[in-house]
Amino acid sequence: MTHENKQSIVLGDVEIIKVVEWQGPFVPAPDLVPQADPQLWRDNRDWLAPDHWEPEGDLAVLALQSWVIRSAGLTVLVDTGVGSGRERPGTPGFHHRQGDFLADLARAGVRPEEVDLVVNTHIHGDHVGWNTVAADGAWVPAFPNARYLIPAADDAHFGPDGSYGKGLREDDRLIYEDSIAPVHRAGQAELWDGAHRIDAHLTLESAPGHTPGSAVLRLASGGERAVFVGDMLHSPVQILAPSCNSCFCMDPVQAAASRRRVLERAADERELVVPAHFGGTGAVEVRRNGSTFALGEWAA
């Protein structure tokens with residue numbers, strides 16, 4: 001079901017709503033997934049274009065999107081996009097970007113006060129930006145009644161105890177200060193590690209590599225399953241070549257191991273794979289293909 005910027009999927013007793021902040025050509029494909037053979041993109045042009053690849057410019061097409069999950073009486077928001085009016089000097093596409101994600105959410109039928117839980121799969125700027133909004137010269141939680149589930153390992157690494165990502169990028173400090181620290185100050189942050197059960201249908205699990213605390217969110221209801229994988233996958237070519245990391249993965253060896261483990265389970269248990277940045281319908285089934293994987297059906 002699609003209208004304006006809303007698309008919903010029902011799995012068992014759970015509804016999933018996609019809310020798109022932005023979609024389009026993002027970076028050169030060889031830059032996004034440096035290890036992938038360029039021929040892999042060309043060989044799969046018939047379905048990669050136009051939702052995932054712009055062949056003429058050899059540009060990867062990505063979406064900035066969030067997922068709303070209505071489960072067991074809870075309204076859960078998975079990742080919160082880029083935010084508006086943020087200082088991101090190291091990321092020109094996000095620097096001072098203006099947007100109205102809360103209006104996008106409203107068009108999808110979700111008001112900020114209705115959100116019970118915010119899940120940040122990891123602490124990168126395009127996953128935590130709408131955690132907060134500006135009010136009276138300060139950043140405050142955008143979802144006043146929500147608990148924010150934040151991976152403890154990422155909070156430690158990107159926060160002051162880890163000297164804001166070891167000081168390697170100025171953006172890491174800015175992201176933490178405007179999108180994470182205000183949630184702590186409001187008493188709405190909940191750190192977790194290893195695994196965290198949300199309700200009868202939803203469970204968070206650590207899947208490190210992209211960042212130290214990167215997580216996946218598993219859904220199981222009525223015999224149907226899905227796994228929200230955050231930035232474990234940036235492009236469908238990584239399903240075909242799971243050893244290939246994006247340029248954003250902090251620990252390449254660990255990221256590739258997590259990706260293969262999650263894809264193996266998704267294939268074996270017929271989980272719908274829901275990445276953060278896939279264009280099109282944004283979610284796809286995965287099948288085993290010998291020692292690697294193939295794409296199954298895309299979500300309707």
# chains A, B, ... in the order shown; residues from 1 in each chain; ligands from 1
>>> residues_around(residues="Pro252 of chain A", least_positions_apart="2", cutoff="12 Å", atoms="only C-alpha atoms", output="MDAnalysis selection string")
chainID A and resid 33:35 208:212 232 242:250 254:259
>>> select_by_dssp(residues="segment 77-238 of chain A", states="strand (DSSP E or B)", output="ChimeraX atom specification")
/A:77-78,117-119,132-135,138-141,147-151,189-192,195-197,202-206,215-221,224-230
>>> residues_around(residues="Val19 of chain A", least_positions_apart="3", cutoff="9 Å", atoms="only C-alpha atoms", output="ChimeraX atom specification")
/A:5-7,64-68,101,104-105,108
>>> write_last_selection(atoms="N, CA, C and O atoms", output="tab-separated table (two decimals), in the first residue's frame")
chain	number	residue	atom	x	y	z
A	5	ASN	N	4.29	9.47	0.88
A	5	ASN	CA	5.56	8.84	1.24
A	5	ASN	C	5.35	7.73	2.26
A	5	ASN	O	6.18	7.48	3.10
A	6	LYS	N	4.21	7.05	2.18
A	6	LYS	CA	3.94	5.95	3.10
A	6	LYS	C	3.82	4.65	2.33
A	6	LYS	O	3.16	4.55	1.32
A	7	GLN	N	4.49	3.64	2.84
A	7	GLN	CA	4.33	2.29	2.34
A	7	GLN	C	4.28	1.38	3.54
A	7	GLN	O	5.12	1.48	4.43
A	64	LEU	N	17.25	7.70	2.33
A	64	LEU	CA	17.31	8.01	3.75
A	64	LEU	C	15.90	7.79	4.27
A	64	LEU	O	14.97	8.52	3.90
A	65	GLN	N	15.72	6.77	5.08
A	65	GLN	CA	14.37	6.40	5.49
A	65	GLN	C	14.37	5.81	6.89
A	65	GLN	O	15.39	5.36	7.39
A	66	SER	N	13.21	5.85	7.48
A	66	SER	CA	12.99	5.26	8.80
A	66	SER	C	11.84	4.28	8.69
A	66	SER	O	11.07	4.29	7.72
A	67	TRP	N	11.72	3.44	9.70
A	67	TRP	CA	10.66	2.43	9.71
A	67	TRP	C	9.87	2.56	11.01
A	67	TRP	O	10.45	2.57	12.09
A	68	VAL	N	8.57	2.67	10.87
A	68	VAL	CA	7.68	2.66	12.03
A	68	VAL	C	7.11	1.26	12.16
A	68	VAL	O	6.62	0.68	11.18
A	101	PHE	N	11.00	15.97	8.66
A	101	PHE	CA	10.71	14.56	8.86
A	101	PHE	C	9.47	14.36	9.73
A	101	PHE	O	8.70	13.41	9.52
A	104	ASP	N	6.63	14.35	7.60
A	104	ASP	CA	6.57	13.08	6.88
A	104	ASP	C	5.94	12.00	7.76
A	104	ASP	O	5.12	11.20	7.30
A	105	LEU	N	6.35	11.97	9.03
A	105	LEU	CA	5.77	11.01	9.96
A	105	LEU	C	4.27	11.25	10.13
A	105	LEU	O	3.47	10.30	10.16
A	108	ALA	N	2.28	9.85	7.52
A	108	ALA	CA	2.19	8.39	7.66
A	108	ALA	C	1.33	7.99	8.85
A	108	ALA	O	1.20	6.80	9.15
>>> closest_residue(among="A:Asp199, A:Asp100, A:Asp171, A:Asp46", to="Gly73 of chain A", atoms="only C-alpha atoms")
A:Asp199
>>> closest_residue(among="A:Trp192, A:Ile239, A:Ser71, A:Ala220", to="Ala156 of chain A", atoms="only C-alpha atoms")
A:Trp192
>>> residues_around(residues="segment 272-282 of chain A", least_positions_apart="6", cutoff="9 Å", atoms="only C-alpha atoms", output="JSON, numbers by chain")
{"A": [7, 18, 23, 24, 50, 51, 52, 61, 62, 63, 64, 65, 66, 67, 79, 127, 224, 225, 226, 227, 228, 229, 230, 231, 232, 233, 234, 235, 236, 263, 266, 298, 299, 300]}
>>> atom_distance(atom1="atom CA of Gly222 of chain A", atom2="atom CA of Glu271 of chain A")
12.6 Å
>>> closest_residue(among="A:Ile198, A:Gly137, A:Val110, A:Ala207", to="Asp154 of chain A", atoms="only C-alpha atoms")
A:Ala207
